[in-house]
>>> print(open('query_31.pdb').read())   # PDB, C-alpha atoms
ATOM      1  CA  MET A   1     148.970  98.173 179.227
ATOM      2  CA  THR A   2     148.066 101.467 180.848
ATOM      3  CA  LEU A   3     146.669 104.209 178.655
ATOM      4  CA  THR A   4     146.497 107.915 179.387
ATOM      5  CA  TRP A   5     142.895 109.025 178.827
ATOM      6  CA  ILE A   6     141.980 112.508 177.648
ATOM      7  CA  THR A   7     138.464 113.845 177.017
ATOM      8  CA  LYS A   8     138.051 117.160 175.217
ATOM      9  CA  PRO A   9     135.441 119.046 173.234
ATOM     10  CA  PHE A  10     136.411 119.633 169.600
ATOM     11  CA  ALA A  11     137.515 123.243 170.126
ATOM     12  CA  GLU A  12     140.123 122.150 172.692
ATOM     13  CA  LEU A  13     141.766 119.431 170.579
ATOM     14  CA  THR A  14     145.314 120.173 169.509
ATOM     15  CA  LEU A  15     146.145 119.814 165.829
ATOM     16  CA  ALA A  16     148.185 116.696 166.689
ATOM     17  CA  GLU A  17     145.241 115.120 168.564
ATOM     18  CA  LEU A  18     142.861 115.911 165.700
ATOM     19  CA  TYR A  19     145.292 114.379 163.207
ATOM     20  CA  ASP A  20     145.727 111.290 165.406
ATOM     21  CA  LEU A  21     141.997 110.631 165.724
ATOM     22  CA  LEU A  22     141.239 111.216 162.054
ATOM     23  CA  GLN A  23     144.163 108.984 161.047
ATOM     24  CA  LEU A  24     143.018 106.148 163.352
ATOM     25  CA  ARG A  25     139.406 106.374 162.198
ATOM     26  CA  SER A  26     140.509 106.319 158.559
ATOM     27  CA  GLU A  27     142.901 103.414 159.147
ATOM     28  CA  VAL A  28     140.169 101.227 160.639
ATOM     29  CA  PHE A  29     136.796 102.399 159.300
ATOM     30  CA  VAL A  30     137.872 103.162 155.719
ATOM     31  CA  VAL A  31     140.977 101.065 154.961
ATOM     32  CA  GLU A  32     140.714  97.987 157.234
ATOM     33  CA  GLN A  33     136.964  97.606 156.825
ATOM     34  CA  THR A  34     137.193  98.490 153.107
ATOM     35  CA  CYS A  35     134.334 100.942 153.475
ATOM     36  CA  ALA A  36     134.384 104.145 151.481
ATOM     37  CA  PHE A  37     132.230 106.509 153.533
ATOM     38  CA  GLN A  38     132.226 110.127 154.695
ATOM     39  CA  ASP A  39     133.864 109.784 158.123
ATOM     40  CA  ILE A  40     134.188 113.555 158.523
ATOM     41  CA  ASP A  41     130.452 114.008 158.877
ATOM     42  CA  GLY A  42     130.039 117.457 160.449
ATOM     43  CA  MET A  43     129.387 115.953 163.891
ATOM     44  CA  ASP A  44     132.890 116.139 165.365
ATOM     45  CA  GLN A  45     132.450 119.794 166.313
ATOM     46  CA  GLN A  46     129.476 118.851 168.510
ATOM     47  CA  ALA A  47     131.211 115.909 170.217
ATOM     48  CA  TYR A  48     133.523 115.289 173.108
ATOM     49  CA  HIS A  49     136.497 113.210 172.025
ATOM     50  CA  LEU A  50     137.863 110.418 174.227
ATOM     51  CA  LEU A  51     141.465 109.596 173.369
ATOM     52  CA  GLY A  52     143.537 106.812 174.922
ATOM     53  CA  TYR A  53     147.276 107.249 174.407
ATOM     54  CA  SER A  54     149.851 104.484 174.859
ATOM     55  CA  PRO A  55     152.972 104.995 176.983
ATOM     56  CA  GLU A  56     154.791 105.551 173.658
ATOM     57  CA  GLY A  57     152.478 108.475 172.845
ATOM     58  CA  GLN A  58     150.478 106.718 170.119
ATOM     59  CA  LEU A  59     146.693 106.929 169.932
ATOM     60  CA  ALA A  60     145.599 103.402 170.855
ATOM     61  CA  ALA A  61     141.853 103.877 171.423
ATOM     62  CA  TYR A  62     139.219 106.481 170.613
ATOM     63  CA  ALA A  63     135.495 107.229 170.835
ATOM     64  CA  ARG A  64     133.334 110.293 170.421
ATOM     65  CA  LEU A  65     130.626 111.206 172.916
ATOM     66  CA  PHE A  66     127.453 113.217 172.387
ATOM     67  CA  GLU A  67     125.052 114.785 174.808
ATOM     68  CA  ALA A  68     121.359 113.947 174.393
ATOM     69  CA  GLY A  69     119.763 115.545 171.350
ATOM     70  CA  ARG A  70     122.919 115.731 169.220
ATOM     71  CA  SER A  71     123.134 112.343 167.518
ATOM     72  CA  TYR A  72     120.128 110.648 169.145
ATOM     73  CA  GLU A  73     117.460 111.674 171.632
ATOM     74  CA  GLN A  74     119.690 110.065 174.289
ATOM     75  CA  ALA A  75     123.374 110.609 175.039
ATOM     76  CA  SER A  76     125.464 108.517 172.662
ATOM     77  CA  ILE A  77     128.843 106.947 171.997
ATOM     78  CA  GLY A  78     130.198 106.487 168.488
ATOM     79  CA  ARG A  79     133.283 105.883 166.339
ATOM     80  CA  VAL A  80     134.505 103.355 168.920
ATOM     81  CA  VAL A  81     137.891 102.129 167.715
ATOM     82  CA  VAL A  82     141.064 100.444 168.942
ATOM     83  CA  SER A  83     144.192 100.666 166.824
ATOM     84  CA  PRO A  84     145.165  97.351 165.181
ATOM     85  CA  LYS A  85     148.596  97.690 166.849
ATOM     86  CA  TYR A  86     146.978  97.651 170.302
ATOM     87  CA  ARG A  87     144.366  94.930 169.990
ATOM     88  CA  ARG A  88     144.342  91.836 172.214
ATOM     89  CA  TYR A  89     145.147  93.856 175.351
ATOM     90  CA  GLY A  90     141.528  94.291 176.475
ATOM     91  CA  LEU A  91     141.534  97.932 175.403
ATOM     92  CA  GLY A  92     138.111  97.684 173.773
ATOM     93  CA  ARG A  93     136.604  96.910 177.172
ATOM     94  CA  GLU A  94     138.604  99.670 178.833
ATOM     95  CA  LEU A  95     137.582 102.122 176.107
ATOM     96  CA  MET A  96     133.870 101.373 176.496
ATOM     97  CA  GLN A  97     134.054 101.629 180.283
ATOM     98  CA  GLN A  98     135.852 104.966 179.969
ATOM     99  CA  ALA A  99     133.277 106.161 177.414
ATOM    100  CA  ILE A 100     130.338 105.248 179.667
ATOM    101  CA  THR A 101     132.007 106.859 182.685
ATOM    102  CA  GLN A 102     132.792 110.023 180.733
ATOM    103  CA  CYS A 103     129.212 110.262 179.445
ATOM    104  CA  GLU A 104     127.945 110.025 183.019
ATOM    105  CA  GLN A 105     130.429 112.660 184.242
ATOM    106  CA  LEU A 106     129.807 115.060 181.349
ATOM    107  CA  PHE A 107     126.059 114.652 180.891
ATOM    108  CA  GLY A 108     124.840 113.101 184.161
ATOM    109  CA  PRO A 109     123.377 109.628 184.647
ATOM    110  CA  GLN A 110     121.048 108.859 181.747
ATOM    111  CA  ALA A 111     120.381 106.404 178.947
ATOM    112  CA  ILE A 112     123.073 105.977 176.286
ATOM    113  CA  LYS A 113     122.262 104.916 172.721
ATOM    114  CA  ILE A 114     124.675 103.484 170.166
ATOM    115  CA  GLY A 115     124.562 102.349 166.558
ATOM    116  CA  ALA A 116     126.684  99.200 166.831
ATOM    117  CA  GLN A 117     128.123  96.884 164.238
ATOM    118  CA  TYR A 118     126.003  93.764 164.570
ATOM    119  CA  TYR A 119     128.903  91.350 165.032
ATOM    120  CA  LEU A 120     129.806  93.238 168.252
ATOM    121  CA  ARG A 121     126.345  92.811 169.823
ATOM    122  CA  ALA A 122     127.551  90.458 172.590
ATOM    123  CA  PHE A 123     130.415  92.826 173.442
ATOM    124  CA  TYR A 124     128.050  95.776 173.935
ATOM    125  CA  THR A 125     125.491  93.615 175.738
ATOM    126  CA  SER A 126     128.193  92.912 178.355
ATOM    127  CA  PHE A 127     128.058  96.647 179.214
ATOM    128  CA  GLY A 128     124.287  96.617 179.707
ATOM    129  CA  PHE A 129     123.234  97.666 176.199
ATOM    130  CA  GLU A 130     120.108  96.030 174.778
ATOM    131  CA  GLN A 131     119.204  95.652 171.110
ATOM    132  CA  LEU A 132     116.352  97.977 170.099
ATOM    133  CA  ASP A 133     115.522  96.993 166.545
ATOM    134  CA  ASP A 134     116.315  94.814 163.565
ATOM    135  CA  ILE A 135     119.582  94.817 161.673
ATOM    136  CA  TYR A 136     120.039  97.699 159.233
ATOM    137  CA  LEU A 137     122.782  98.369 156.716
ATOM    138  CA  GLU A 138     124.995 101.405 157.162
ATOM    139  CA  ASP A 139     127.658 101.852 154.503
ATOM    140  CA  GLY A 140     127.225  98.171 153.593
ATOM    141  CA  ILE A 141     127.870  96.917 157.159
ATOM    142  CA  GLU A 142     125.204  95.319 159.392
ATOM    143  CA  HIS A 143     124.343  97.533 162.384
ATOM    144  CA  ILE A 144     121.806  97.602 165.215
ATOM    145  CA  HIS A 145     120.669 100.313 167.595
ATOM    146  CA  MET A 146     121.302  99.504 171.251
ATOM    147  CA  LEU A 147     120.332 101.294 174.477
ATOM    148  CA  ARG A 148     121.834 101.242 177.950
ATOM    149  CA  SER A 149     119.251 102.509 180.440
TER     150      SER A 149
END
>>> encode(input="query_31.pdb", output="structure tokens")
Amino acid sequence: MTLTWITKPFAELTLAELYDLLQLRSEVFVVEQTCAFQDIDGMDQQAYHLLGYSPEGQLAAYARLFEAGRSYEQASIGRVVVSPKYRRYGLGRELMQQAITQCEQLFGPQAIKIGAQYYLRAFYTSFGFEQLDDIYLEDGIEHIHMLRS
């Protein structure tokens, strides 16, 4: 499956794109993962938003990207999500590769830090991320910090 990738700062998102990304994040992070948390955290306005649209025009994959000093001391990738309707097509790998590439294009080559769900450690390790610390709980879900130098 071929996605159309768009990267925009918050101020350039259309209302439809903003709705799509908030709906997908809510569908997965709140409903699917049964985790009541404040997804709209005041950070979206400072982020670049990476959106992957299917040929049918549906948001299939999403991540938000931060320059160094916004979320962490390093550049960072967060809210990494693939729609349940589009899983099993390898889109998670494509999304992460796009996110890394976009970080490098937007912010220059530098370290990237993530706060990853622990069960996805091997997935992120395959992109060169290394675990930095022990497991911590965030909204009741095990996470770890990881760094790609």
>>> closest_residue(input="query_31.pdb", among="A:Glu56, A:Thr7, A:Ala99, A:Ile141", to="Tyr119 in chain A", atoms="all atoms listed in the file")
A:Ile141
>>> axis_aligned_box(input="query_31.pdb", around="range 82-91 of chain A", padding_each_side="5 Å", output="JSON")
{"center_x": 144.8, "center_y": 96.3, "center_z": 170.8, "size_x": 17.5, "size_y": 18.8, "size_z": 21.3}
>>> resolve_selection(input="query_31.pdb", expression="the PyMOL selection byres ((chain A and resi 6) around 9)", output="VMD selection string")
chain A and resid 4 to 5 7 to 8 49 to 53
>>> residues_near_point(input="query_31.pdb", point="(129.5, 90.1, 158.5)", cutoff="12 Å", atoms="all atoms listed in the file", output="PyMOL selection string")
chain A and resi 33+117-120+135+137+140-143
>>> residues_around(input="query_31.pdb", residues="Tyr86 in chain A", least_positions_apart="6", cutoff="9 Å", atoms="only C-alpha atoms", output="list in words")
Ser54, Ala60 and Ala61 of chain A
>>> write_last_selection(input="query_31.pdb", atoms="C-alpha atoms", output="mmCIF file, keeping the file's coordinate frame")
data_model
loop_
_atom_site.group_PDB
_atom_site.id
_atom_site.type_symbol
_atom_site.label_atom_id
_atom_site.label_comp_id
_atom_site.auth_asym_id
_atom_site.auth_seq_id
_atom_site.Cartn_x
_atom_site.Cartn_y
_atom_site.Cartn_z
ATOM 1 C CA SER A 54 149.851 104.484 174.859
ATOM 2 C CA ALA A 60 145.599 103.402 170.855
ATOM 3 C CA ALA A 61 141.853 103.877 171.423
#
>>> closest_residue(input="query_31.pdb", among="A:Leu95, A:Leu106, A:Glu73, A:Thr14", to="Ala47 in chain A", atoms="all atoms listed in the file")
A:Leu106
>>> residues_around(input="query_31.pdb", residues="Glu67 in chain A", least_positions_apart="2", cutoff="9 Å", atoms="all atoms listed in the file", output="NGL selection string")
:A and (46-48 or 65 or 69-76 or 103 or 106-107)
>>> atom_distance(input="query_31.pdb", atom1="CA of Asp39 in chain A", atom2="CA of Ile77 in chain A")
15.0 Å
>>> atom_distance(input="query_31.pdb", atom1="CA of Leu132 in chain A", atom2="CA of Val82 in chain A")
24.9 Å
>>> residues_around(input="query_31.pdb", residues="Arg148 in chain A", least_positions_apart="5", cutoff="6 Å", atoms="all atoms listed in the file", output="list in words")
Ala111, Ile112, Gly128 and Phe129 of chain A
>>> build_atoms(input="query_31.pdb", residues="range 71-101 of chain A", atoms="N, CA and C atoms", output="PDB file, keeping the file's coordinate frame")
ATOM      1  N   SER A  71     123.133 113.437 168.486  1.00  0.00           N
ATOM      2  CA  SER A  71     123.134 112.343 167.518  1.00  0.00           C
ATOM      3  C   SER A  71     121.820 111.565 167.604  1.00  0.00           C
ATOM      4  N   TYR A  72     121.404 111.317 168.837  1.00  0.00           N
ATOM      5  CA  TYR A  72     120.128 110.648 169.145  1.00  0.00           C
ATOM      6  C   TYR A  72     119.422 111.456 170.224  1.00  0.00           C
ATOM      7  N   GLU A  73     118.201 111.043 170.538  1.00  0.00           N
ATOM      8  CA  GLU A  73     117.460 111.674 171.632  1.00  0.00           C
ATOM      9  C   GLU A  73     118.206 111.499 172.953  1.00  0.00           C
ATOM     10  N   GLN A  74     118.916 110.367 173.093  1.00  0.00           N
ATOM     11  CA  GLN A  74     119.690 110.065 174.289  1.00  0.00           C
ATOM     12  C   GLN A  74     121.158 110.470 174.088  1.00  0.00           C
ATOM     13  N   ALA A  75     121.921 110.473 175.165  1.00  0.00           N
ATOM     14  CA  ALA A  75     123.374 110.609 175.039  1.00  0.00           C
ATOM     15  C   ALA A  75     123.856 109.448 174.176  1.00  0.00           C
ATOM     16  N   SER A  76     125.013 109.597 173.531  1.00  0.00           N
ATOM     17  CA  SER A  76     125.464 108.517 172.662  1.00  0.00           C
ATOM     18  C   SER A  76     126.980 108.440 172.584  1.00  0.00           C
ATOM     19  N   ILE A  77     127.431 107.258 172.194  1.00  0.00           N
ATOM     20  CA  ILE A  77     128.843 106.947 171.997  1.00  0.00           C
ATOM     21  C   ILE A  77     128.981 106.441 170.571  1.00  0.00           C
ATOM     22  N   GLY A  78     129.995 106.936 169.859  1.00  0.00           N
ATOM     23  CA  GLY A  78     130.198 106.487 168.488  1.00  0.00           C
ATOM     24  C   GLY A  78     131.663 106.462 168.106  1.00  0.00           C
ATOM     25  N   ARG A  79     131.933 105.976 166.881  1.00  0.00           N
ATOM     26  CA  ARG A  79     133.283 105.883 166.339  1.00  0.00           C
ATOM     27  C   ARG A  79     134.222 105.187 167.327  1.00  0.00           C
ATOM     28  N   VAL A  80     133.731 104.129 167.940  1.00  0.00           N
ATOM     29  CA  VAL A  80     134.505 103.355 168.920  1.00  0.00           C
ATOM     30  C   VAL A  80     135.556 102.548 168.167  1.00  0.00           C
ATOM     31  N   VAL A  81     136.837 102.777 168.489  1.00  0.00           N
ATOM     32  CA  VAL A  81     137.891 102.129 167.715  1.00  0.00           C
ATOM     33  C   VAL A  81     139.147 101.916 168.560  1.00  0.00           C
ATOM     34  N   VAL A  82     139.755 100.756 168.365  1.00  0.00           N
ATOM     35  CA  VAL A  82     141.064 100.444 168.942  1.00  0.00           C
ATOM     36  C   VAL A  82     142.023 100.220 167.779  1.00  0.00           C
ATOM     37  N   SER A  83     143.190 100.815 167.867  1.00  0.00           N
ATOM     38  CA  SER A  83     144.192 100.666 166.824  1.00  0.00           C
ATOM     39  C   SER A  83     144.577  99.201 166.648  1.00  0.00           C
ATOM     40  N   PRO A  84     144.742  98.734 165.407  1.00  0.00           N
ATOM     41  CA  PRO A  84     145.165  97.351 165.181  1.00  0.00           C
ATOM     42  C   PRO A  84     146.448  96.985 165.939  1.00  0.00           C
ATOM     43  N   LYS A  85     147.335  97.949 166.132  1.00  0.00           N
ATOM     44  CA  LYS A  85     148.596  97.690 166.849  1.00  0.00           C
ATOM     45  C   LYS A  85     148.387  97.388 168.320  1.00  0.00           C
ATOM     46  N   TYR A  86     147.215  97.770 168.863  1.00  0.00           N
ATOM     47  CA  TYR A  86     146.978  97.651 170.302  1.00  0.00           C
ATOM     48  C   TYR A  86     145.816  96.724 170.641  1.00  0.00           C
ATOM     49  N   ARG A  87     145.436  95.890 169.713  1.00  0.00           N
ATOM     50  CA  ARG A  87     144.366  94.930 169.990  1.00  0.00           C
ATOM     51  C   ARG A  87     144.906  93.743 170.773  1.00  0.00           C
ATOM     52  N   ARG A  88     144.018  93.024 171.404  1.00  0.00           N
ATOM     53  CA  ARG A  88     144.342  91.836 172.214  1.00  0.00           C
ATOM     54  C   ARG A  88     144.919  92.185 173.586  1.00  0.00           C
ATOM     55  N   TYR A  89     144.727  93.440 174.013  1.00  0.00           N
ATOM     56  CA  TYR A  89     145.147  93.856 175.351  1.00  0.00           C
ATOM     57  C   TYR A  89     143.943  94.194 176.230  1.00  0.00           C
ATOM     58  N   GLY A  90     142.730  93.946 175.714  1.00  0.00           N
ATOM     59  CA  GLY A  90     141.528  94.291 176.475  1.00  0.00           C
ATOM     60  C   GLY A  90     141.187  95.773 176.421  1.00  0.00           C
ATOM     61  N   LEU A  91     141.761  96.492 175.465  1.00  0.00           N
ATOM     62  CA  LEU A  91     141.534  97.932 175.403  1.00  0.00           C
ATOM     63  C   LEU A  91     140.132  98.302 174.937  1.00  0.00           C
ATOM     64  N   GLY A  92     139.488  97.423 174.184  1.00  0.00           N
ATOM     65  CA  GLY A  92     138.111  97.684 173.773  1.00  0.00           C
ATOM     66  C   GLY A  92     137.201  97.778 174.988  1.00  0.00           C
ATOM     67  N   ARG A  93     137.399  96.887 175.934  1.00  0.00           N
ATOM     68  CA  ARG A  93     136.604  96.910 177.172  1.00  0.00           C
ATOM     69  C   ARG A  93     136.916  98.169 177.981  1.00  0.00           C
ATOM     70  N   GLU A  94     138.204  98.479 178.082  1.00  0.00           N
ATOM     71  CA  GLU A  94     138.604  99.670 178.833  1.00  0.00           C
ATOM     72  C   GLU A  94     138.052 100.928 178.174  1.00  0.00           C
ATOM     73  N   LEU A  95     138.106 100.976 176.849  1.00  0.00           N
ATOM     74  CA  LEU A  95     137.582 102.122 176.107  1.00  0.00           C
ATOM     75  C   LEU A  95     136.094 102.309 176.368  1.00  0.00           C
ATOM     76  N   MET A  96     135.322 101.239 176.273  1.00  0.00           N
ATOM     77  CA  MET A  96     133.870 101.373 176.496  1.00  0.00           C
ATOM     78  C   MET A  96     133.563 101.782 177.927  1.00  0.00           C
ATOM     79  N   GLN A  97     134.290 101.236 178.891  1.00  0.00           N
ATOM     80  CA  GLN A  97     134.054 101.629 180.283  1.00  0.00           C
ATOM     81  C   GLN A  97     134.388 103.105 180.478  1.00  0.00           C
ATOM     82  N   GLN A  98     135.486 103.547 179.898  1.00  0.00           N
ATOM     83  CA  GLN A  98     135.852 104.966 179.969  1.00  0.00           C
ATOM     84  C   GLN A  98     134.777 105.829 179.293  1.00  0.00           C
ATOM     85  N   ALA A  99     134.284 105.392 178.147  1.00  0.00           N
ATOM     86  CA  ALA A  99     133.277 106.161 177.414  1.00  0.00           C
ATOM     87  C   ALA A  99     131.986 106.297 178.226  1.00  0.00           C
ATOM     88  N   ILE A 100     131.554 105.214 178.828  1.00  0.00           N
ATOM     89  CA  ILE A 100     130.338 105.248 179.667  1.00  0.00           C
ATOM     90  C   ILE A 100     130.556 106.167 180.864  1.00  0.00           C
ATOM     91  N   THR A 101     131.688 106.025 181.523  1.00  0.00           N
ATOM     92  CA  THR A 101     132.007 106.859 182.685  1.00  0.00           C
ATOM     93  C   THR A 101     132.064 108.329 182.303  1.00  0.00           C
TER      94      THR A 101
END
